[in-house]
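Below is my_file-v1.csv, which holds CSV, C-alpha atoms and all ligand atoms.
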chain,number,residue,atom,x,y,z
A,428,MET,CA,8.0,-0.8,-25.2
A,429,LYS,CA,6.1,-2.1,-22.2
A,430,VAL,CA,7.9,-2.8,-18.9
A,431,ARG,CA,7.7,-6.5,-18.1
A,432,VAL,CA,6.7,-7.1,-14.5
A,433,GLY,CA,6.7,-10.2,-12.4
A,434,VAL,CA,5.2,-10.6,-8.9
A,435,ASN,CA,6.9,-12.9,-6.4
A,436,GLY,CA,4.3,-13.7,-3.7
A,437,TYR,CA,0.7,-13.8,-4.8
A,438,GLY,CA,-1.1,-13.0,-1.5
A,439,THR,CA,-3.1,-10.1,-0.3
A,440,ILE,CA,-0.8,-7.4,-1.8
A,441,GLY,CA,0.7,-9.5,-4.6
A,442,LYS,CA,-2.6,-10.4,-6.3
A,443,ARG,CA,-3.8,-6.8,-6.2
A,444,VAL,CA,-0.6,-5.4,-7.6
A,445,ALA,CA,-0.7,-8.1,-10.3
A,446,TYR,CA,-4.2,-6.9,-11.2
A,447,ALA,CA,-3.2,-3.2,-11.1
A,448,VAL,CA,-0.2,-3.9,-13.4
A,449,SER,CA,-2.4,-5.8,-15.8
A,450,ARG,CA,-4.5,-2.6,-16.1
A,451,GLN,CA,-1.6,-0.4,-17.3
A,452,ASP,CA,-1.0,0.2,-21.0
A,453,ASP,CA,2.7,0.7,-20.4
A,454,MET,CA,3.3,-2.5,-18.4
A,455,GLU,CA,2.9,-6.2,-19.0
A,456,LEU,CA,2.3,-8.8,-16.3
A,457,ILE,CA,4.6,-11.7,-17.2
A,458,GLY,CA,3.8,-14.0,-14.3
A,459,VAL,CA,3.3,-14.6,-10.6
A,460,THR,CA,4.8,-17.1,-8.2
A,461,LYS,CA,3.1,-19.5,-5.8
A,462,THR,CA,4.5,-21.9,-3.2
A,463,LYS,CA,1.6,-24.3,-3.5
A,464,PRO,CA,-1.2,-25.3,-6.0
A,465,ASP,CA,-4.1,-23.9,-3.9
A,466,PHE,CA,-7.3,-22.2,-5.3
A,467,GLU,CA,-5.4,-18.9,-5.8
A,468,ALA,CA,-2.9,-20.7,-8.1
A,469,TYR,CA,-5.8,-22.4,-10.1
A,470,LEU,CA,-7.7,-19.1,-10.4
A,471,ALA,CA,-4.6,-17.2,-11.6
A,472,LYS,CA,-4.1,-19.8,-14.2
A,473,GLU,CA,-7.7,-19.7,-15.3
A,474,MET,CA,-7.4,-15.9,-15.6
A,475,GLY,CA,-4.5,-16.4,-18.0
A,476,ILE,CA,-1.7,-15.4,-15.6
A,477,PRO,CA,1.4,-17.6,-15.9
A,478,VAL,CA,2.1,-19.2,-12.5
A,479,TYR,CA,5.7,-20.0,-11.5
A,480,ALA,CA,6.9,-22.0,-8.5
A,481,ALA,CA,8.4,-19.6,-6.0
A,482,GLY,CA,11.6,-21.6,-5.9
A,483,ASP,CA,13.0,-25.0,-7.0
A,484,GLY,CA,12.0,-26.5,-3.6
A,485,PHE,CA,8.3,-25.9,-4.3
A,486,ILE,CA,8.1,-27.7,-7.7
A,487,GLN,CA,7.3,-31.1,-6.3
A,488,ARG,CA,4.1,-29.8,-4.7
A,489,PHE,CA,2.8,-28.7,-8.1
A,490,GLU,CA,4.0,-31.9,-9.9
A,491,LYS,CA,2.2,-34.0,-7.2
A,492,ALA,CA,-1.1,-32.1,-7.9
A,493,GLY,CA,-0.6,-32.3,-11.7
A,494,PHE,CA,-0.4,-28.5,-11.8
A,495,ASP,CA,1.7,-27.4,-14.8
A,496,VAL,CA,3.8,-24.4,-13.8
A,497,ALA,CA,5.4,-22.1,-16.3
A,498,GLY,CA,8.8,-22.5,-14.6
A,499,THR,CA,10.4,-21.4,-11.3
A,500,LEU,CA,11.2,-18.0,-10.0
A,501,SER,CA,14.6,-18.0,-11.8
A,502,ASP,CA,12.8,-18.6,-15.1
A,503,LEU,CA,10.4,-15.7,-14.3
A,504,LEU,CA,13.4,-13.5,-13.5
A,505,GLU,CA,14.9,-14.1,-16.9
A,506,LYS,CA,11.7,-12.7,-18.6
A,507,VAL,CA,11.1,-9.6,-16.5
A,508,ASP,CA,12.5,-6.1,-16.2
A,509,VAL,CA,11.3,-5.7,-12.6
A,510,ILE,CA,10.0,-8.0,-9.9
A,511,VAL,CA,7.5,-6.9,-7.2
A,512,ASP,CA,8.4,-8.8,-4.1
A,513,ALA,CA,5.1,-9.3,-2.2
A,514,SER,CA,6.3,-12.3,-0.2
A,515,PRO,CA,5.8,-12.3,3.6
A,516,GLY,CA,7.5,-9.5,5.5
A,517,GLY,CA,11.3,-10.0,5.9
A,518,MET,CA,11.5,-12.5,3.1
A,519,GLY,CA,12.1,-9.7,0.5
A,520,ALA,CA,15.5,-8.9,2.1
A,521,LYS,CA,16.5,-12.5,1.7
A,522,ASN,CA,15.3,-12.6,-1.9
A,523,LYS,CA,17.2,-9.5,-2.8
A,524,ALA,CA,20.4,-11.4,-3.6
A,525,ILE,CA,18.5,-13.5,-6.1
A,526,TYR,CA,17.2,-10.4,-7.9
A,527,GLU,CA,20.7,-8.8,-7.8
A,528,LYS,CA,22.2,-12.0,-9.4
A,529,ALA,CA,19.5,-11.9,-12.1
A,530,GLY,CA,20.2,-8.2,-12.8
A,531,VAL,CA,16.5,-7.4,-12.2
A,532,LYS,CA,15.1,-4.3,-10.5
A,533,ALA,CA,12.9,-4.9,-7.5
A,534,VAL,CA,10.0,-3.2,-5.7
A,535,PHE,CA,9.8,-4.3,-2.0
A,536,GLU,CA,6.8,-3.9,0.4
A,537,GLY,CA,6.4,-2.3,3.8
A,538,GLY,CA,7.2,-5.5,5.7
A,539,GLU,CA,10.8,-5.0,4.8
A,540,LYS,CA,13.2,-2.7,6.7
A,541,ALA,CA,14.0,0.6,5.0
A,542,ASN,CA,17.6,-0.5,4.2
A,543,VAL,CA,16.4,-3.2,1.8
A,544,ALA,CA,16.1,-0.5,-0.9
A,545,GLU,CA,17.6,2.8,-2.0
A,546,VAL,CA,14.4,4.7,-1.3
A,547,SER,CA,11.2,4.4,0.7
A,548,PHE,CA,8.4,5.5,-1.5
A,549,VAL,CA,5.0,7.3,-1.5
A,550,ALA,CA,4.3,8.6,-5.0
A,551,GLN,CA,2.7,12.0,-4.0
A,552,ALA,CA,5.4,12.7,-1.4
A,553,ASN,CA,8.7,11.7,-3.0
A,554,TYR,CA,8.2,10.3,-6.6
A,555,GLU,CA,11.4,11.9,-7.9
A,556,LYS,CA,13.6,10.1,-5.3
A,557,ALA,CA,12.8,6.8,-7.1
A,558,LEU,CA,13.7,8.0,-10.6
A,559,GLY,CA,16.1,5.5,-12.2
A,560,LYS,CA,16.5,3.5,-9.0
A,561,ASP,CA,17.0,-0.3,-8.9
A,562,TYR,CA,15.5,-1.0,-5.5
A,563,VAL,CA,12.5,0.8,-4.1
A,564,ARG,CA,10.4,0.0,-1.0
A,565,VAL,CA,6.7,0.9,-1.0
A,566,VAL,CA,6.1,1.7,2.6
A,567,SER,CA,3.5,-0.1,4.7
A,568,CYS,CA,-0.2,0.6,4.6
A,569,ASN,CA,-0.2,2.7,7.8
A,570,THR,CA,2.9,4.7,6.7
A,571,THR,CA,1.4,5.3,3.3
A,572,GLY,CA,-1.8,6.5,5.0
A,573,LEU,CA,-0.1,8.9,7.3
A,574,THR,CA,2.3,10.2,4.6
A,575,ARG,CA,-0.6,10.9,2.2
A,576,THR,CA,-2.3,13.3,4.5
A,577,LEU,CA,0.7,14.7,6.4
A,578,SER,CA,2.7,15.5,3.3
A,579,ALA,CA,-0.3,17.6,2.1
A,580,ILE,CA,0.0,19.9,5.2
A,581,GLN,CA,3.7,19.4,5.9
A,582,GLU,CA,4.6,23.1,5.8
A,583,TYR,CA,2.2,23.7,8.8
A,584,ILE,CA,3.5,20.9,11.0
A,585,ASP,CA,5.6,21.4,14.1
A,586,TYR,CA,5.0,18.0,15.7
A,587,VAL,CA,2.6,15.1,15.1
A,588,TYR,CA,1.4,12.5,17.6
A,589,ALA,CA,-0.8,9.7,16.0
A,590,VAL,CA,-2.5,6.8,17.6
A,591,MET,CA,-2.8,3.8,15.2
A,592,ILE,CA,-5.8,1.5,15.8
A,593,ARG,CA,-4.8,-1.5,13.7
A,594,ARG,CA,-6.9,-4.3,12.2
A,595,ALA,CA,-6.0,-7.7,13.7
A,596,ALA,CA,-5.9,-9.7,10.5
A,597,ASP,CA,-6.8,-9.4,6.8
A,598,PRO,CA,-10.2,-10.9,5.9
A,599,ASN,CA,-8.7,-14.0,4.3
A,600,ASP,CA,-6.5,-14.8,7.4
A,601,SER,CA,-7.9,-17.4,9.7
A,602,LYS,CA,-4.8,-17.7,11.8
A,603,ARG,CA,-4.2,-14.3,13.4
A,604,GLY,CA,-6.0,-12.5,16.3
A,605,PRO,CA,-6.9,-11.3,18.8
A,606,VAL,CA,-10.6,-12.1,18.6
A,607,ASN,CA,-11.6,-10.6,22.0
A,608,ALA,CA,-8.9,-8.3,23.2
A,609,ILE,CA,-7.1,-5.0,22.5
A,610,VAL,CA,-3.4,-5.4,22.3
A,611,PRO,CA,-1.2,-2.4,22.8
A,612,THR,CA,2.2,-2.2,21.0
A,613,VAL,CA,4.1,-1.6,24.2
A,614,GLU,CA,7.1,0.0,22.5
A,615,VAL,CA,6.1,3.6,22.7
A,616,PRO,CA,6.7,5.5,20.5
A,617,SER,CA,5.9,2.7,17.9
A,618,HIS,CA,7.9,2.1,14.8
A,619,HIS,CA,5.3,3.8,12.6
A,620,GLY,CA,6.6,7.4,13.2
A,621,PRO,CA,10.2,6.6,12.2
A,622,ASP,CA,8.9,4.8,9.2
A,623,VAL,CA,7.0,8.0,8.0
A,624,GLN,CA,10.4,9.8,8.5
A,625,THR,CA,11.9,7.5,5.8
A,626,VAL,CA,9.7,9.3,3.3
A,627,ILE,CA,9.2,12.8,4.6
A,628,PRO,CA,11.2,14.8,7.2
A,629,ILE,CA,8.7,15.6,9.9
A,630,ASN,CA,8.7,15.5,13.7
A,631,ILE,CA,6.3,12.6,14.5
A,632,GLU,CA,5.7,10.1,17.2
A,633,THR,CA,3.1,7.3,17.2
A,634,SER,CA,1.6,4.6,19.4
A,635,ALA,CA,-0.4,1.6,18.2
A,636,PHE,CA,-3.1,-0.9,19.3
A,637,VAL,CA,-4.4,-4.0,17.6
A,638,VAL,CA,-8.1,-4.5,17.7
A,639,PRO,CA,-10.4,-7.4,16.6
A,640,THR,CA,-11.5,-6.2,13.1
A,641,THR,CA,-10.4,-7.1,9.6
A,642,LEU,CA,-11.7,-4.2,7.5
A,643,MET,CA,-9.4,-1.2,8.0
A,644,HIS,CA,-7.0,0.6,10.3
A,645,VAL,CA,-8.0,3.9,11.9
A,646,HIS,CA,-5.6,6.7,12.8
A,647,SER,CA,-6.3,9.5,15.3
A,648,VAL,CA,-3.9,12.3,14.3
A,649,MET,CA,-3.0,15.2,16.6
A,650,ILE,CA,-0.8,18.0,15.2
A,651,GLU,CA,1.0,20.9,16.8
A,652,LEU,CA,0.9,23.7,14.2
A,653,LYS,CA,3.8,26.0,13.5
A,654,LYS,CA,1.6,28.4,11.5
A,655,PRO,CA,-2.2,29.1,11.6
A,656,LEU,CA,-4.5,26.8,9.7
A,657,THR,CA,-8.3,26.8,9.9
A,658,GLU,CA,-10.6,23.8,9.6
A,659,LYS,CA,-11.8,25.1,6.2
A,660,ASP,CA,-8.1,25.3,5.0
A,661,VAL,CA,-7.6,21.7,6.0
A,662,VAL,CA,-10.8,20.6,4.2
A,663,ASP,CA,-9.8,22.5,1.1
A,664,ILE,CA,-6.3,21.0,1.2
A,665,PHE,CA,-7.5,17.4,1.6
A,666,GLU,CA,-10.2,18.0,-1.1
A,667,ASN,CA,-7.3,18.8,-3.4
A,668,THR,CA,-5.1,16.0,-2.3
A,669,THR,CA,-4.9,12.9,-4.6
A,670,ARG,CA,-5.8,9.5,-3.0
A,671,VAL,CA,-7.4,11.2,0.0
A,672,LEU,CA,-11.2,11.4,0.3
A,673,LEU,CA,-13.4,13.2,2.8
A,674,PHE,CA,-16.3,11.2,4.2
A,675,GLU,CA,-19.1,12.6,6.4
A,676,LYS,CA,-20.7,10.8,9.3
A,677,GLY,CA,-23.8,12.8,8.5
A,678,ARG,CA,-24.1,10.9,5.2
A,679,GLY,CA,-24.0,7.5,6.9
A,680,PHE,CA,-20.2,6.9,7.1
A,681,GLU,CA,-20.4,6.1,10.8
A,682,SER,CA,-17.5,3.5,10.8
A,683,THR,CA,-15.1,1.5,8.7
A,684,ALA,CA,-18.0,-0.8,7.8
A,685,GLN,CA,-19.7,1.9,5.7
A,686,LEU,CA,-16.4,2.9,4.1
A,687,ILE,CA,-16.0,-0.7,2.9
A,688,GLU,CA,-19.6,-0.8,1.8
A,689,PHE,CA,-18.9,2.3,-0.3
A,690,ALA,CA,-16.1,0.5,-2.0
A,691,ARG,CA,-18.4,-2.5,-2.6
A,692,ASP,CA,-21.1,-0.2,-4.0
A,693,LEU,CA,-18.5,1.2,-6.4
A,694,HIS,CA,-18.0,-2.4,-7.6
A,695,ARG,CA,-14.3,-2.0,-6.8
A,696,GLU,CA,-12.3,-5.2,-7.3
A,697,TRP,CA,-11.9,-6.9,-3.8
A,698,ASN,CA,-13.7,-3.8,-2.4
A,699,ASN,CA,-10.5,-2.0,-2.6
A,700,LEU,CA,-10.5,1.5,-1.1
A,701,TYR,CA,-7.2,2.8,-2.5
A,702,GLU,CA,-7.9,6.3,-1.1
A,703,ILE,CA,-7.3,7.3,2.5
A,704,ALA,CA,-10.6,8.1,4.1
A,705,VAL,CA,-10.7,11.2,6.4
A,706,TRP,CA,-13.8,11.9,8.4
A,707,LYS,CA,-14.7,15.5,7.6
A,708,GLU,CA,-16.4,16.2,10.9
A,709,SER,CA,-13.3,15.0,12.7
A,710,ILE,CA,-11.1,17.9,11.3
A,711,SER,CA,-10.9,20.2,14.2
A,712,VAL,CA,-8.5,23.1,15.1
A,713,LYS,CA,-8.2,24.1,18.8
A,714,GLY,CA,-5.7,27.0,19.0
A,715,LYS,CA,-2.4,25.7,17.7
A,716,ARG,CA,-3.6,22.1,17.6
A,717,LEU,CA,-5.1,20.3,14.6
A,718,PHE,CA,-7.0,16.9,15.0
A,719,TYR,CA,-8.4,14.5,12.5
A,720,ILE,CA,-9.3,10.9,12.1
A,721,GLN,CA,-8.7,8.8,9.1
A,722,ALA,CA,-9.1,5.2,7.9
A,723,VAL,CA,-6.8,3.1,5.8
A,724,HIS,CA,-7.8,0.1,3.7
A,725,GLN,CA,-4.7,-2.0,4.5
A,726,GLU,CA,-5.2,-4.4,1.6
A,727,SER,CA,-5.2,-1.8,-1.1
A,728,ASP,CA,-3.8,1.7,-0.3
A,729,VAL,CA,-0.3,0.6,-1.3
A,730,VAL,CA,-1.3,-0.9,-4.7
A,731,PRO,CA,-1.2,2.3,-6.8
A,732,GLU,CA,2.1,3.2,-5.1
A,733,ASN,CA,3.6,0.0,-6.6
A,734,VAL,CA,2.6,1.0,-10.1
A,735,ASP,CA,4.0,4.5,-9.7
A,736,ALA,CA,7.2,3.1,-8.2
A,737,ILE,CA,7.7,1.0,-11.4
A,738,ARG,CA,7.2,4.0,-13.6
A,739,ALA,CA,9.7,6.1,-11.6
A,740,MET,CA,12.3,3.3,-11.6
A,741,PHE,CA,12.1,3.2,-15.4
A,742,GLU,CA,11.7,7.0,-15.8
A,743,MET,CA,8.6,6.4,-17.8
A,744,ALA,CA,6.7,9.4,-16.6
A,745,GLU,CA,6.9,12.4,-14.3
A,746,ARG,CA,5.1,12.4,-11.0
A,747,TRP,CA,1.7,13.7,-11.8
A,748,GLU,CA,1.5,12.0,-15.2
A,749,SER,CA,2.1,8.6,-13.5
A,750,ILE,CA,-0.3,9.3,-10.6
A,751,ARG,CA,-3.0,10.4,-13.0
A,752,LYS,CA,-2.5,7.4,-15.2
A,753,THR,CA,-2.6,5.0,-12.3
A,754,ASN,CA,-5.6,6.7,-10.8
A,755,ARG,CA,-7.6,6.5,-14.1
A,756,SER,CA,-6.7,2.8,-14.6
A,757,LEU,CA,-7.9,1.8,-11.1
A,758,GLY,CA,-11.0,4.1,-10.9
A,759,ILE,CA,-9.4,6.1,-8.1
A,760,LEU,CA,-11.8,9.0,-7.5
A,761,LYS,CA,-9.2,11.8,-7.4
B,1,LIG,N1,-1.8,-7.2,4.1
B,1,LIG,C1,-1.5,-6.0,4.4
B,1,LIG,O1,-2.3,-5.4,5.1
B,1,LIG,C2,-0.3,-5.3,3.9
B,1,LIG,C3,-0.4,-3.9,3.7
B,1,LIG,C4,0.7,-3.3,3.2
B,1,LIG,C5,1.9,-3.9,3.0
B,1,LIG,N2,2.0,-5.3,3.3
B,1,LIG,C6,3.2,-5.9,3.1
B,1,LIG,O2,3.2,-6.6,1.8
B,1,LIG,C7,4.0,-7.8,1.9
B,1,LIG,C8,3.1,-9.0,1.6
B,1,LIG,O3,2.1,-9.1,2.6
B,1,LIG,P1,0.7,-9.8,2.3
B,1,LIG,O4,-0.2,-9.3,3.4
B,1,LIG,O5,0.4,-9.7,0.9
B,1,LIG,O6,1.1,-11.3,2.7
B,1,LIG,P2,0.3,-12.6,2.4
B,1,LIG,O7,-1.1,-12.3,2.1
B,1,LIG,O8,0.7,-13.6,3.5
B,1,LIG,O9,1.0,-13.1,1.0
B,1,LIG,C9,2.3,-13.5,0.9
B,1,LIG,C10,2.4,-14.4,-0.1
B,1,LIG,O10,3.8,-14.8,-0.2
B,1,LIG,C11,3.9,-16.1,-0.7
B,1,LIG,N3,5.1,-16.8,-0.2
B,1,LIG,C12,5.3,-17.5,0.9
B,1,LIG,N4,6.5,-18.0,1.0
B,1,LIG,C13,7.1,-17.5,-0.1
B,1,LIG,C14,8.4,-17.7,-0.7
B,1,LIG,N5,9.4,-18.4,-0.1
B,1,LIG,N6,8.7,-17.1,-1.8
B,1,LIG,C15,7.8,-16.3,-2.5
B,1,LIG,N7,6.5,-16.2,-2.0
B,1,LIG,C16,6.2,-16.8,-0.9
B,1,LIG,C17,2.6,-16.8,-0.2
B,1,LIG,O11,2.3,-17.6,-1.3
B,1,LIG,P3,1.5,-19.0,-1.3
B,1,LIG,O12,0.1,-18.7,-1.0
B,1,LIG,O13,1.8,-19.6,-2.6
B,1,LIG,O14,2.1,-19.8,-0.1
B,1,LIG,C18,1.7,-15.7,0.1
B,1,LIG,O15,0.5,-15.7,-0.7
B,1,LIG,C19,4.6,-7.8,3.3
B,1,LIG,O16,5.9,-7.1,3.2
B,1,LIG,C20,3.6,-7.0,4.1
B,1,LIG,O17,4.2,-6.4,5.3
B,1,LIG,C21,0.9,-6.0,3.7

As structure tokens, how would this structure be written, given the file I've shared?
Amino acid sequence: MKVRVGVNGYGTIGKRVAYAVSRQDDMELIGVTKTKPDFEAYLAKEMGIPVYAAGDGFIQRFEKAGFDVAGTLSDLLEKVDVIVDASPGGMGAKNKAIYEKAGVKAVFEGGEKANVAEVSFVAQANYEKALGKDYVRVVSCNTTGLTRTLSAIQEYIDYVYAVMIRRAADPNDSKRGPVNAIVPTVEVPSHHGPDVQTVIPINIETSAFVVPTTLMHVHSVMIELKKPLTEKDVVDIFENTTRVLLFEKGRGFESTAQLIEFARDLHREWNNLYEIAVWKESISVKGKRLFYIQAVHQESDVVPENVDAIRAMFEMAERWESIRKTNRSLGILK
């Protein structure tokens, strides 16, 4: 029996999760919702994905354009076992009542507060916490990125301070900025540290800046160690950590531009770089301090987590079986 999955909100994250679900042999993509009949709705339909109106209030837009929808969100909910809510941040919490009424499990995304769900999730860090749960939140792209590397070296960590250099907008977004400024998040520490603590119990503080780029986020991570660790140890650990890849400046990976070109060269769909990219040369130990720099492809790193969250919620596989299956299906390198 395949788990029947719907996706409510077919934007940056929703369309990638829908694609990833369609690649799983134990899941079936039943449909996606749209609020309007734009090119994304037409393309989804052409690809054979049933398109539902995101609510009764949106039906008229589709009728006016002569776009035949498969029904509304309530119709979709009748046909699925789980809905992935990839609507704009904060809307998932409002939608939760609809899912509860329909008796459908839900995966929420990182734009929601932690209390929307029973557990905040990163597969390699806390898969078991989501086993059998009805509501799971896949944490944000930044939190997923920090958690992937920090959980791998958790036993050595006394304290983490990380500076988050955030992309201003996704590439498809023509409304957000800045285009010529660096914007500090003046609340210091920023919310990212506490968000990591919803997944793993570590001592972490963060600050954040938004910069004019669309490709990726970059994190400068500084760690106070509680037991000795060499640079080689860290390289070995990250080389053996799933969904984390080491890149060398010496091989041409000078910036996020080349990381995204690498994903393009792999012919990855939407140039997704699901893995967290750590610059190997940046891994540096000075006495009791460890430093490294990593990049996060904000549009795609959370996608495999959504797939694993569904498997955990339906107890379809244990942690590593699910991670390996998801990795294989999406061409994740390790
Ligand atoms: N983008 C990222 O970098 C990123 C990374 C990790 C996590 N997240 C999180 O993922 C979630 C989705 O973000 P996103 O970047 O994918 O947003 P997005 O690109 O703006 O997509 C959101 C989609 O939700 C749809 N929508 C709007 N109103 C809706 C409604 N009333 N009901 C259902 N759907 C509605 C829109 O569909 P229409 O086009 O039909 O209007 C839009 O395509 C957020 O929680 C966000 O914080 C985002």

Around ligand LIG 1 (chain B), at most 6 Å away and counting only C-alpha atoms and all ligand atoms, which residues are there? Put them as a PDB file with C-alpha atoms, in the frame of the given file, please.
ATOM      1  CA  ASN A 435       6.900 -12.900  -6.400  1.00  0.00           C
ATOM      2  CA  GLY A 436       4.300 -13.700  -3.700  1.00  0.00           C
ATOM      3  CA  TYR A 437       0.700 -13.800  -4.800  1.00  0.00           C
ATOM      4  CA  GLY A 438      -1.100 -13.000  -1.500  1.00  0.00           C
ATOM      5  CA  THR A 439      -3.100 -10.100  -0.300  1.00  0.00           C
ATOM      6  CA  ILE A 440      -0.800  -7.400  -1.800  1.00  0.00           C
ATOM      7  CA  GLY A 441       0.700  -9.500  -4.600  1.00  0.00           C
ATOM      8  CA  LYS A 461       3.100 -19.500  -5.800  1.00  0.00           C
ATOM      9  CA  THR A 462       4.500 -21.900  -3.200  1.00  0.00           C
ATOM     10  CA  LYS A 463       1.600 -24.300  -3.500  1.00  0.00           C
ATOM     11  CA  ALA A 481       8.400 -19.600  -6.000  1.00  0.00           C
ATOM     12  CA  ALA A 513       5.100  -9.300  -2.200  1.00  0.00           C
ATOM     13  CA  SER A 514       6.300 -12.300  -0.200  1.00  0.00           C
ATOM     14  CA  PRO A 515       5.800 -12.300   3.600  1.00  0.00           C
ATOM     15  CA  GLY A 516       7.500  -9.500   5.500  1.00  0.00           C
ATOM     16  CA  GLU A 536       6.800  -3.900   0.400  1.00  0.00           C
ATOM     17  CA  GLY A 537       6.400  -2.300   3.800  1.00  0.00           C
ATOM     18  CA  GLY A 538       7.200  -5.500   5.700  1.00  0.00           C
ATOM     19  CA  GLU A 539      10.800  -5.000   4.800  1.00  0.00           C
ATOM     20  CA  SER A 567       3.500  -0.100   4.700  1.00  0.00           C
ATOM     21  CA  CYS A 568      -0.200   0.600   4.600  1.00  0.00           C
ATOM     22  CA  GLN A 725      -4.700  -2.000   4.500  1.00  0.00           C
ATOM     23  CA  GLU A 726      -5.200  -4.400   1.600  1.00  0.00           C
TER      24      GLU A 726
END

#### Entry: Contacts of Val615 (chain A) at 10 Å (all atoms listed in the file; same-chain gap of 6+ positions) as a count of residues only
4

### Query
Nearest to Asp660 (chain A) among A:Phe636, A:Tyr583, A:Tyr588, A:Phe466, with distances taken over all atoms listed in the file: which residue is it?
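With all atoms listed in the file as the atom set, the closest residue is A:Tyr583.
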
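Distance-wise, CA of Trp697 (chain A) and CA of Lys442 (chain A) end up 10.2 Å apart.
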
### Query
When distances are computed from all atoms listed in the file, which of A:Arg751, A:Lys560, A:Lys506, A:Arg594 shows the smallest separation from Thr641 (chain A)?
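Looking only at the distances to Thr641 (chain A), the closest residue turns out to be A:Arg594.
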
#### Entry: Proximity to Val648 (chain A) - best of A:Thr625, A:Asn522, A:Asn630, A:Ser709, all atoms listed in the file
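Answer, going by the shortest atom-to-atom distance: A:Ser709.
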